[in-house]
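Colleague: Structure file target.cif, mmCIF, C-alpha atoms and all ligand atoms, is pasted below:
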```
data_my_file
loop_
_atom_site.label_atom_id
_atom_site.label_comp_id
_atom_site.auth_asym_id
_atom_site.auth_seq_id
_atom_site.Cartn_x
_atom_site.Cartn_y
_atom_site.Cartn_z
CA MET A 1 17.19 73.32 91.60
CA GLN A 2 15.64 74.68 88.42
CA LYS A 3 11.99 73.85 87.77
CA ASP A 4 12.06 73.09 84.02
CA PHE A 5 14.19 71.41 81.34
CA LEU A 6 13.72 73.58 78.25
CA SER A 7 17.21 74.16 76.90
CA LEU A 8 20.78 73.23 77.80
CA THR A 9 21.48 76.96 77.97
CA ASN A 10 19.60 77.23 81.27
CA CYS A 11 21.30 74.20 82.87
CA SER A 12 24.54 74.34 84.83
CA VAL A 13 27.31 71.92 83.90
CA GLU A 14 27.01 70.54 87.45
CA LEU A 15 23.33 69.69 86.93
CA LEU A 16 24.03 68.09 83.53
CA GLU A 17 26.86 66.02 84.98
CA GLU A 18 24.66 64.94 87.86
CA LEU A 19 21.96 63.90 85.35
CA LEU A 20 24.49 61.85 83.38
CA GLU A 21 25.64 60.07 86.54
CA LEU A 22 22.06 59.44 87.61
CA SER A 23 21.23 58.11 84.11
CA ALA A 24 24.10 55.64 84.33
CA SER A 25 23.27 54.51 87.86
CA LEU A 26 19.55 54.04 87.13
CA LYS A 27 20.46 52.25 83.89
CA GLY A 28 22.55 49.79 85.93
CA LEU A 29 19.80 49.40 88.51
CA TYR A 30 17.09 48.63 85.96
CA LYS A 31 19.34 46.35 83.87
CA GLY A 32 20.01 44.47 87.11
CA GLY A 33 16.27 43.92 87.57
CA SER A 34 15.75 46.39 90.45
CA ARG A 35 13.44 49.39 90.49
CA ASP A 36 13.28 52.83 92.04
CA LEU A 37 9.63 53.71 92.62
CA CYS A 38 10.32 57.33 93.58
CA LEU A 39 7.44 58.68 91.44
CA ALA A 40 4.70 56.36 92.78
CA GLY A 41 1.36 58.13 92.47
CA LYS A 42 2.76 60.89 90.20
CA THR A 43 1.48 61.66 86.69
CA LEU A 44 3.17 62.98 83.55
CA ALA A 45 1.13 64.81 80.89
CA MET A 46 2.57 64.38 77.39
CA LEU A 47 1.52 66.96 74.79
CA PHE A 48 2.47 66.23 71.19
CA GLU A 49 1.92 68.57 68.23
CA LYS A 50 4.17 66.33 66.08
CA PRO A 51 4.62 62.57 65.69
CA SER A 52 7.05 60.58 67.83
CA LEU A 53 8.21 57.04 68.43
CA ARG A 54 11.26 57.33 70.68
CA THR A 55 10.27 60.32 72.78
CA ARG A 56 6.72 59.23 73.45
CA ILE A 57 7.45 55.59 74.27
CA SER A 58 10.64 56.24 76.25
CA PHE A 59 8.97 58.89 78.44
CA GLN A 60 5.97 56.64 79.01
CA VAL A 61 8.16 53.69 79.96
CA ALA A 62 10.42 55.89 82.12
CA MET A 63 7.43 57.20 84.07
CA ARG A 64 6.04 53.69 84.54
CA ASP A 65 9.50 52.43 85.58
CA LEU A 66 9.54 55.00 88.39
CA GLY A 67 6.11 53.91 89.64
CA GLY A 68 4.15 56.76 88.02
CA SER A 69 1.74 57.02 85.12
CA SER A 70 1.33 59.18 82.04
CA VAL A 71 -1.46 60.76 80.01
CA TYR A 72 -0.95 61.27 76.25
CA VAL A 73 -2.63 64.40 74.90
CA LYS A 74 -3.06 65.10 71.20
CA PRO A 75 -3.70 68.77 70.36
CA GLU A 76 -7.04 67.89 68.72
CA ASP A 77 -8.22 66.32 72.01
CA ILE A 78 -7.99 69.71 73.71
CA GLY A 79 -8.94 71.90 70.75
CA GLY A 80 -5.37 72.73 69.74
CA ILE A 81 -2.55 74.23 71.77
CA GLY A 82 -3.35 77.89 72.41
CA LYS A 83 -6.48 77.75 70.22
CA ARG A 84 -9.45 76.70 72.38
CA GLU A 85 -7.94 78.53 75.33
CA PRO A 86 -4.73 80.46 76.04
CA ILE A 87 -1.57 78.49 76.73
CA LYS A 88 -1.34 80.08 80.17
CA ASP A 89 -4.74 78.65 81.15
CA MET A 90 -3.75 75.21 79.86
CA ALA A 91 -0.55 75.38 81.89
CA ARG A 92 -2.37 76.36 85.09
CA VAL A 93 -5.07 73.72 84.71
CA PHE A 94 -2.61 70.91 83.83
CA SER A 95 -0.68 71.89 86.96
CA ARG A 96 -3.76 71.14 89.09
CA TYR A 97 -3.96 67.57 87.73
CA VAL A 98 -0.45 66.34 87.01
CA ASP A 99 3.04 66.55 88.52
CA VAL A 100 5.08 67.18 85.36
CA ILE A 101 4.38 68.19 81.75
CA MET A 102 6.38 67.35 78.65
CA ALA A 103 5.62 68.97 75.32
CA ARG A 104 6.69 68.54 71.69
CA THR A 105 5.66 71.65 69.80
CA PHE A 106 6.42 73.56 66.63
CA GLU A 107 7.17 76.92 68.20
CA HIS A 108 9.69 77.02 71.01
CA SER A 109 7.71 79.84 72.63
CA THR A 110 4.91 77.33 73.35
CA VAL A 111 7.11 75.38 75.79
CA THR A 112 8.53 78.52 77.38
CA GLU A 113 5.03 79.91 77.90
CA LEU A 114 3.82 76.61 79.35
CA ALA A 115 6.78 76.69 81.73
CA LYS A 116 6.13 80.30 82.69
CA TYR A 117 2.59 79.59 83.86
CA ALA A 118 2.82 75.96 85.04
CA SER A 119 3.58 75.42 88.70
CA VAL A 120 4.94 71.93 87.84
CA PRO A 121 8.11 71.17 85.81
CA VAL A 122 7.91 71.43 82.01
CA ILE A 123 10.20 69.38 79.76
CA ASN A 124 11.03 70.26 76.14
CA ALA A 125 10.43 67.07 74.14
CA LEU A 126 11.55 68.79 70.87
CA THR A 127 10.63 72.11 69.35
CA ASP A 128 11.60 73.64 66.03
CA TRP A 129 14.42 75.31 67.98
CA SER A 130 15.93 72.53 70.09
CA HIS A 131 15.96 68.93 71.32
CA PRO A 132 17.82 68.89 74.64
CA CYS A 133 16.73 65.38 75.76
CA GLN A 134 18.23 64.01 72.54
CA ALA A 135 21.53 65.84 73.06
CA MET A 136 21.87 64.54 76.62
CA ALA A 137 21.13 60.94 75.55
CA ASP A 138 23.76 61.44 72.85
CA VAL A 139 26.35 62.67 75.34
CA LEU A 140 25.61 59.64 77.54
CA THR A 141 26.09 57.36 74.53
CA ILE A 142 29.37 58.99 73.49
CA LYS A 143 30.67 58.69 77.06
CA GLU A 144 29.78 55.01 77.18
CA HIS A 145 31.52 54.26 73.89
CA LEU A 146 34.55 56.57 74.05
CA GLY A 147 35.01 56.81 77.81
CA ARG A 148 34.97 60.61 77.77
CA ILE A 149 33.15 63.57 76.31
CA GLU A 150 35.66 66.40 76.68
CA GLY A 151 37.81 66.69 73.57
CA VAL A 152 35.75 64.18 71.55
CA ARG A 153 35.67 65.27 67.90
CA LEU A 154 32.12 65.08 66.57
CA ALA A 155 31.49 65.81 62.89
CA TYR A 156 27.85 66.75 62.32
CA VAL A 157 27.04 66.47 58.61
CA GLY A 158 23.69 67.94 57.64
CA ASP A 159 21.10 70.53 58.51
CA GLY A 160 21.87 73.20 61.13
CA ASN A 161 18.58 72.33 62.84
CA ASN A 162 17.12 71.74 66.32
CA VAL A 163 19.25 68.61 66.88
CA ALA A 164 22.46 70.35 65.73
CA ARG A 165 21.68 73.32 67.99
CA SER A 166 21.26 71.22 71.15
CA LEU A 167 24.37 69.19 70.30
CA ALA A 168 26.38 72.40 69.83
CA LEU A 169 25.27 73.62 73.26
CA ALA A 170 26.19 70.23 74.72
CA GLY A 171 29.57 70.67 73.00
CA GLY A 172 30.01 74.00 74.75
CA LYS A 173 28.91 72.63 78.13
CA PHE A 174 31.14 69.54 78.03
CA GLY A 175 34.07 70.77 75.93
CA MET A 176 33.33 68.49 72.97
CA LYS A 177 34.85 69.56 69.62
CA MET A 178 32.07 69.79 67.06
CA ILE A 179 32.57 70.49 63.37
CA ILE A 180 29.32 71.15 61.55
CA ALA A 181 29.25 70.66 57.77
CA SER A 182 26.11 72.07 56.15
CA PRO A 183 25.32 73.35 52.66
CA ALA A 184 25.31 77.12 52.25
CA GLY A 185 22.08 78.52 53.63
CA TYR A 186 21.52 75.62 56.07
CA GLU A 187 24.21 76.50 58.62
CA LEU A 188 23.56 76.66 62.34
CA ASP A 189 22.87 80.21 63.55
CA GLY A 190 25.87 82.24 64.65
CA GLU A 191 24.33 83.10 68.03
CA THR A 192 24.28 79.44 69.10
CA ILE A 193 27.83 78.95 67.88
CA ASP A 194 28.99 82.01 69.81
CA GLU A 195 27.17 80.77 72.91
CA ALA A 196 28.86 77.35 72.70
CA ASN A 197 32.27 78.93 72.11
CA GLU A 198 31.83 81.29 75.06
CA MET A 199 31.37 78.22 77.28
CA SER A 200 34.31 76.30 75.74
CA PRO A 201 36.43 78.32 73.32
CA GLY A 202 36.81 76.60 69.94
CA SER A 203 34.21 73.92 70.72
CA VAL A 204 32.07 74.51 67.61
CA VAL A 205 33.20 75.40 64.09
CA GLN A 206 31.37 75.32 60.75
CA THR A 207 32.34 74.36 57.23
CA ASN A 208 30.58 73.61 53.94
CA ASP A 209 32.90 70.63 53.31
CA PRO A 210 31.78 67.24 54.72
CA ARG A 211 35.17 65.60 53.97
CA ALA A 212 37.05 68.25 55.90
CA ALA A 213 34.60 67.85 58.80
CA VAL A 214 35.08 64.09 59.16
CA ALA A 215 38.86 63.97 58.50
CA GLU A 216 39.74 63.69 62.21
CA ALA A 217 36.37 62.68 63.61
CA ASP A 218 35.73 60.26 66.47
CA VAL A 219 32.00 60.40 65.69
CA ILE A 220 29.99 61.23 62.56
CA TYR A 221 26.45 62.39 63.33
CA THR A 222 23.60 63.20 60.97
CA ASP A 223 19.88 63.97 61.07
CA THR A 224 17.11 64.28 58.50
CA TRP A 225 17.33 66.98 55.84
CA VAL A 226 13.56 67.53 56.18
CA SER A 227 12.45 68.10 59.76
CA MET A 228 8.85 67.76 60.92
CA GLY A 229 6.95 70.75 59.57
CA GLN A 230 9.26 71.23 56.54
CA GLU A 231 7.62 68.58 54.33
CA ASP A 232 6.66 71.20 51.69
CA GLU A 233 10.36 72.06 51.21
CA LYS A 234 11.40 68.45 50.61
CA ALA A 235 12.27 68.67 46.89
CA LYS A 236 14.37 71.80 47.33
CA ARG A 237 16.10 70.47 50.43
CA VAL A 238 16.97 67.12 48.82
CA ALA A 239 18.54 69.02 45.92
CA ASP A 240 20.39 71.47 48.19
CA PHE A 241 21.83 68.71 50.39
CA ALA A 242 23.37 66.80 47.43
CA GLY A 243 26.91 65.82 48.45
CA PHE A 244 26.08 65.81 52.18
CA GLN A 245 24.96 62.18 52.45
CA VAL A 246 26.76 60.10 55.07
CA ASP A 247 27.73 57.20 52.80
CA ALA A 248 30.46 54.56 52.93
CA ALA A 249 32.89 56.77 50.97
CA LEU A 250 32.57 59.57 53.51
CA VAL A 251 32.86 57.17 56.46
CA ASN A 252 35.92 55.54 54.88
CA SER A 253 37.59 58.95 54.56
CA ALA A 254 37.32 59.36 58.37
CA PRO A 255 39.65 57.67 60.89
CA ALA A 256 39.12 53.89 61.18
CA GLY A 257 36.53 52.92 63.78
CA VAL A 258 34.71 56.26 63.65
CA LYS A 259 31.33 55.91 65.39
CA ILE A 260 28.13 56.63 63.47
CA MET A 261 25.25 58.43 65.16
CA HIS A 262 21.75 59.50 64.09
CA CYS A 263 18.94 60.67 66.37
CA LEU A 264 16.38 58.79 64.22
CA PRO A 265 14.02 58.61 62.43
CA ALA A 266 16.47 58.09 59.53
CA LYS A 267 15.56 58.58 55.90
CA ARG A 268 17.84 55.92 54.43
CA GLY A 269 19.02 56.90 50.97
CA TYR A 270 18.92 60.60 51.82
CA GLU A 271 21.04 61.87 54.75
CA ILE A 272 22.48 58.39 55.43
CA THR A 273 22.75 55.19 53.43
CA ASP A 274 21.35 51.86 54.52
CA GLU A 275 24.91 50.48 54.43
CA VAL A 276 26.25 53.05 56.91
CA THR A 277 23.26 52.66 59.22
CA GLU A 278 24.00 48.94 59.45
CA MET A 279 27.79 49.25 59.94
CA PRO A 280 29.22 47.57 63.07
CA ASN A 281 30.47 50.95 64.32
CA SER A 282 26.96 52.42 64.19
CA ILE A 283 25.81 53.28 67.74
CA ILE A 284 22.43 54.58 66.57
CA TYR A 285 20.31 52.12 68.56
CA ASP A 286 22.33 52.70 71.75
CA GLN A 287 21.44 56.38 71.32
CA ALA A 288 17.77 55.51 71.00
CA GLU A 289 17.94 53.30 74.11
CA ASN A 290 19.67 56.02 76.10
CA ARG A 291 16.70 58.34 75.60
CA LEU A 292 14.95 56.09 78.13
CA HIS A 293 17.85 56.08 80.59
CA PHE A 294 18.41 59.84 80.44
CA GLN A 295 14.72 60.71 80.73
CA ARG A 296 14.21 58.36 83.68
CA ALA A 297 16.95 60.29 85.48
CA LEU A 298 15.50 63.63 84.39
CA LEU A 299 12.03 62.76 85.71
CA LYS A 300 13.46 61.56 89.02
CA LYS A 301 15.50 64.73 89.42
CA LEU A 302 12.74 67.18 88.45
CA VAL A 303 9.76 65.52 90.10
CA SER A 304 10.74 63.47 93.15
N1 LIG B 401 14.76 61.12 68.08
C1 LIG B 401 13.47 61.38 68.37
O1 LIG B 401 13.12 62.34 69.08
O2 LIG B 401 12.59 60.48 67.85
P1 LIG B 401 11.00 60.62 67.83
O3 LIG B 401 10.68 61.77 66.93
O4 LIG B 401 10.50 59.31 67.31
O5 LIG B 401 10.53 60.91 69.24
N1 LIG B 402 15.28 67.40 63.18
C1 LIG B 402 14.27 66.39 63.32
C2 LIG B 402 14.52 65.58 64.56
C3 LIG B 402 13.56 64.44 64.78
C4 LIG B 402 13.80 63.73 66.06
C5 LIG B 402 12.88 67.02 63.34
O1 LIG B 402 12.71 68.05 63.99
O2 LIG B 402 11.99 66.49 62.68
#
```
Starting from the coordinates I provided, produce the structure as structure tokens.
Modeller:
Amino acid sequence: MQKDFLSLTNCSVELLEELLELSASLKGLYKGGSRDLCLAGKTLAMLFEKPSLRTRISFQVAMRDLGGSSVYVKPEDIGGIGKREPIKDMARVFSRYVDVIMARTFEHSTVTELAKYASVPVINALTDWSHPCQAMADVLTIKEHLGRIEGVRLAYVGDGNNVARSLALAGGKFGMKMIIASPAGYELDGETIDEANEMSPGSVVQTNDPRAAVAEADVIYTDTWVSMGQEDEKAKRVADFAGFQVDAALVNSAPAGVKIMHCLPAKRGYEITDEVTEMPNSIIYDQAENRLHFQRALLKKLVS
């Protein structure tokens, strides 16, 4: 069993499938009013360099659900990550106090360095590079709504960012067909696309045409045009993403019943309209809920 959960790249399909099954079974257990206190007496440290609603609260609730507790750590509380002391010392000291660490950081190398020196599991709770917990909650949600993941056609309209990257790797792992439509200059990197296509040939393709991307889609997915840390680029990005909004006209050009997804937080009026967010075929809040169910399973698997 691998120690950490940093990227889908490092996870076998078998492990990811096991995590999906465990997510579904624990979801059923908790919805039925039962509990699994497998992490009684265990502690999760949660390090956040960026804001969070879903990730922070769902991890905290998941840990409590399993009988454990969590400690929230803001960088300023500990003098910054890698500033007051080296990341390797933080990792070693945290490992003496807690049983698992999750971290949301700007640089991806921060979580990999934490993992290198921590003797306890480290979970990537979003970096500038990737968001694997989000992608797995998304896969769980797609499976629940469409009954399968292999062969599902997912049109991702927007920035080739951390969320797109983890979804593309999930596409490769599970044989999902992803078409990414981004403006020129905002495409997902070719290395990730090659990696996904090596796992499942033809699983990820790119275009600069949102209409072409959604024409045969089962799911339309979008994310913010301005990720955390890119606030200074907002004006340029909003201009560059003109024509890439997921609005009713785009949704109506897709097959009837197409599902709408967004990892949230959504900037209504930018990457998605209020109207589309509120459509009956939006499964956005099921996605948000499934962060809890996936992460509960992940904690059980990594820590117990
Ligand atoms: N989707 C997601 O990770 O949300 P938060 O930034 O609120 O955690
Ligand atoms: N791409 C977004 C995702 C937020 C959950 C960001 O990094 O800000």
Colleague: Would you compute the distance between atom CA of Met136 of chain A and atom CA of Gln295 of chain A? Give it in Å to one decimal.
Modeller: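 Between atom CA of Met136 of chain A and atom CA of Gln295 of chain A the gap works out to 9.1 Å.
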Colleague: 12 Å from ligand LIG 401 (chain B) is the threshold here; counting only C-alpha atoms and all ligand atoms, which polymer residues fall inside it? Answer as a ChimeraX atom specification.
Modeller: /A:46,48-60,103-105,124-128,130-138,162-163,222-224,227-228,261-266,284-292,295
Colleague: I want to know what sits within 9 Å of Lys173 of chain A, based on all atoms listed in the file, with residues of the same chain fewer than 4 positions away left out; could you give that as a PyMOL selection string?
Modeller: chain A and resi 8-9+12-13+16+168-169+196+199-200
Colleague: Take every atom of ligand LIG 402 (chain B) listed in the file, pad by 5 Å on each side, and give me the axis-aligned box centre and edge lengths in Å, one decimal, as AutoDock Vina command-line options.
Modeller:
```
--center_x 13.6 --center_y 65.9 --center_z 64.4 --size_x 13.3 --size_y 14.3 --size_z 13.4
```
Colleague: So, counting all atoms listed in the file, which residue among A:Gly32, A:Gly158, A:Pro255, A:Gly175 is closest to ligand LIG 402 (chain B)?
Modeller: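 The shortest atom-to-atom distance to ligand LIG 402 (chain B) comes from A:Gly158.
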Colleague: Smallest atom-to-atom distance to Ser109 of chain A: which of A:Thr273, A:Arg96, A:Ala62, A:Leu6, using all atoms listed in the file?
Modeller: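 Among the listed residues, the smallest separation from Ser109 of chain A belongs to A:Leu6.
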Colleague: Quick check, in Å to one decimal: how far apart do atom C1 of ligand LIG 402 (chain B) and atom CA of Ala24 of chain A lie?
Modeller: 25.6 Å
Colleague: I'd like the interatomic distance between atom CA of Ser70 of chain A and atom CA of Asp89 of chain A, to a tenth of an Å.
Modeller: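 Interatomic distance here is 20.4 Å.
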Colleague: From the options A:Ile272, A:Val205, A:Val120, A:Leu26, which residue's atoms come nearest to Val303 of chain A, counting only C-alpha atoms?
Modeller: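 Nearest to Val303 of chain A: A:Val120.
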Colleague: Between A:Tyr72, A:Phe106, A:Tyr221, A:Tyr270, which is the closest to ligand LIG 402 (chain B) once you count all atoms listed in the file?
Modeller: A:Phe106
Colleague: For ligand LIG 402 (chain B), which of A:Ile179, A:Val98, A:Met90, A:Leu167 is the closest residue, counting only C-alpha atoms and all ligand atoms?
Modeller: A:Leu167
Colleague: At a cut-off of 7 Å from (29.9, 57.4, 63.7) in the coordinates of the file, what residues are picked up using only C-alpha atoms, written as a ChimeraX atom specification?
Modeller: /A:219-221,258-261,281-282
Colleague: Looking at only C-alpha atoms and all ligand atoms, which of A:Ala256, A:Val226, A:Met279, A:Leu298 is the one that sits closest to ligand LIG 402 (chain B)?
Modeller: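 That would be A:Val226, the residue with the smallest distance to ligand LIG 402 (chain B).
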Colleague: Which residues, protein or nucleic acid, reach to within 12 Å of (22.9, 80.5, 63.0) in the file's coordinates when using all atoms listed in the file, and can you give that as a list of chain:residue names?
Modeller: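 Applying the cut-off with all atoms listed in the file, one gets A:Trp129, A:Asp159, A:Gly160, A:Asn161, A:Asn162, A:Ala164, A:Arg165, A:Ala168, A:Ile180, A:Ser182, A:Ala184, A:Gly185, A:Tyr186, A:Glu187, A:Leu188, A:Asp189, A:Gly190, A:Glu191, A:Thr192, A:Ile193, A:Asp194, A:Glu195, A:Ala196, A:Val204, A:Val205, A:Gln206.
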Colleague: Within 8 Å of Val73 of chain A, counting only C-alpha atoms, which residues show up once you throw out same-chain ones fewer than 2 positions away? Write them as a PyMOL selection string, please.
Modeller: chain A and resi 45-48+71+75+77-78
Colleague: Quick one: residues within 12 Å of Lys3 of chain A, all atoms listed in the file counted, chain neighbours fewer than 2 positions away excluded, as a CSV table (one decimal) with C-alpha atoms, in the frame of the given file?
Modeller:
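Saved as result38.csv:
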```
chain,number,residue,atom,x,y,z
A,1,MET,CA,17.2,73.3,91.6
A,5,PHE,CA,14.2,71.4,81.3
A,6,LEU,CA,13.7,73.6,78.2
A,10,ASN,CA,19.6,77.2,81.3
A,11,CYS,CA,21.3,74.2,82.9
A,99,ASP,CA,3.0,66.6,88.5
A,100,VAL,CA,5.1,67.2,85.4
A,101,ILE,CA,4.4,68.2,81.8
A,112,THR,CA,8.5,78.5,77.4
A,115,ALA,CA,6.8,76.7,81.7
A,116,LYS,CA,6.1,80.3,82.7
A,117,TYR,CA,2.6,79.6,83.9
A,118,ALA,CA,2.8,76.0,85.0
A,119,SER,CA,3.6,75.4,88.7
A,120,VAL,CA,4.9,71.9,87.8
A,121,PRO,CA,8.1,71.2,85.8
A,122,VAL,CA,7.9,71.4,82.0
A,123,ILE,CA,10.2,69.4,79.8
A,298,LEU,CA,15.5,63.6,84.4
A,299,LEU,CA,12.0,62.8,85.7
A,301,LYS,CA,15.5,64.7,89.4
A,302,LEU,CA,12.7,67.2,88.4
A,303,VAL,CA,9.8,65.5,90.1
A,304,SER,CA,10.7,63.5,93.2
```
Colleague: Can you save segment 77-95 of chain A of the given block to a file, including N, CA and C atoms and formatted as a PDB file, in the first residue's frame?
Modeller:
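File written: result_22.pdb
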```
ATOM      1  N   ASP A  77       0.535  30.757  11.544  1.00  0.00           N
ATOM      2  CA  ASP A  77       0.651  30.193  12.903  1.00  0.00           C
ATOM      3  C   ASP A  77       2.031  29.584  13.122  1.00  0.00           C
ATOM      4  N   ILE A  78       2.613  29.061  12.041  1.00  0.00           N
ATOM      5  CA  ILE A  78       3.890  28.343  12.198  1.00  0.00           C
ATOM      6  C   ILE A  78       5.032  29.079  11.478  1.00  0.00           C
ATOM      7  N   GLY A  79       4.793  30.379  11.213  1.00  0.00           N
ATOM      8  CA  GLY A  79       5.850  31.193  10.609  1.00  0.00           C
ATOM      9  C   GLY A  79       6.058  30.917   9.135  1.00  0.00           C
ATOM     10  N   GLY A  80       5.013  30.453   8.462  1.00  0.00           N
ATOM     11  CA  GLY A  80       5.092  30.202   7.014  1.00  0.00           C
ATOM     12  C   GLY A  80       5.611  28.801   6.732  1.00  0.00           C
ATOM     13  N   ILE A  81       5.215  28.272   5.575  1.00  0.00           N
ATOM     14  CA  ILE A  81       5.664  26.919   5.223  1.00  0.00           C
ATOM     15  C   ILE A  81       7.041  27.036   4.569  1.00  0.00           C
ATOM     16  N   GLY A  82       8.019  26.429   5.209  1.00  0.00           N
ATOM     17  CA  GLY A  82       9.394  26.476   4.688  1.00  0.00           C
ATOM     18  C   GLY A  82      10.098  27.787   4.958  1.00  0.00           C
ATOM     19  N   LYS A  83       9.533  28.635   5.810  1.00  0.00           N
ATOM     20  CA  LYS A  83      10.166  29.941   6.097  1.00  0.00           C
ATOM     21  C   LYS A  83      10.833  29.927   7.471  1.00  0.00           C
ATOM     22  N   ARG A  84      10.064  29.649   8.522  1.00  0.00           N
ATOM     23  CA  ARG A  84      10.646  29.661   9.881  1.00  0.00           C
ATOM     24  C   ARG A  84      11.587  28.478  10.069  1.00  0.00           C
ATOM     25  N   GLU A  85      11.281  27.396   9.362  1.00  0.00           N
ATOM     26  CA  GLU A  85      12.147  26.215   9.415  1.00  0.00           C
ATOM     27  C   GLU A  85      11.956  25.433   8.120  1.00  0.00           C
ATOM     28  N   PRO A  86      12.900  24.570   7.773  1.00  0.00           N
ATOM     29  CA  PRO A  86      12.775  23.837   6.508  1.00  0.00           C
ATOM     30  C   PRO A  86      11.559  22.918   6.509  1.00  0.00           C
ATOM     31  N   ILE A  87      11.024  22.682   5.317  1.00  0.00           N
ATOM     32  CA  ILE A  87       9.856  21.809   5.187  1.00  0.00           C
ATOM     33  C   ILE A  87      10.166  20.421   5.747  1.00  0.00           C
ATOM     34  N   LYS A  88      11.387  19.967   5.570  1.00  0.00           N
ATOM     35  CA  LYS A  88      11.699  18.613   6.056  1.00  0.00           C
ATOM     36  C   LYS A  88      11.619  18.526   7.569  1.00  0.00           C
ATOM     37  N   ASP A  89      11.966  19.624   8.270  1.00  0.00           N
ATOM     38  CA  ASP A  89      11.839  19.586   9.736  1.00  0.00           C
ATOM     39  C   ASP A  89      10.373  19.621  10.145  1.00  0.00           C
ATOM     40  N   MET A  90       9.574  20.450   9.432  1.00  0.00           N
ATOM     41  CA  MET A  90       8.133  20.470   9.719  1.00  0.00           C
ATOM     42  C   MET A  90       7.546  19.077   9.562  1.00  0.00           C
ATOM     43  N   ALA A  91       7.909  18.424   8.468  1.00  0.00           N
ATOM     44  CA  ALA A  91       7.346  17.103   8.161  1.00  0.00           C
ATOM     45  C   ALA A  91       7.694  16.100   9.261  1.00  0.00           C
ATOM     46  N   ARG A  92       8.949  16.148   9.717  1.00  0.00           N
ATOM     47  CA  ARG A  92       9.379  15.190  10.749  1.00  0.00           C
ATOM     48  C   ARG A  92       8.686  15.470  12.079  1.00  0.00           C
ATOM     49  N   VAL A  93       8.555  16.756  12.416  1.00  0.00           N
ATOM     50  CA  VAL A  93       7.954  17.084  13.708  1.00  0.00           C
ATOM     51  C   VAL A  93       6.447  16.785  13.691  1.00  0.00           C
ATOM     52  N   PHE A  94       5.763  17.178  12.617  1.00  0.00           N
ATOM     53  CA  PHE A  94       4.329  16.830  12.503  1.00  0.00           C
ATOM     54  C   PHE A  94       4.142  15.326  12.680  1.00  0.00           C
ATOM     55  N   SER A  95       5.054  14.555  12.098  1.00  0.00           N
ATOM     56  CA  SER A  95       4.917  13.093  12.144  1.00  0.00           C
ATOM     57  C   SER A  95       5.004  12.542  13.567  1.00  0.00           C
TER      58      SER A  95
END
```
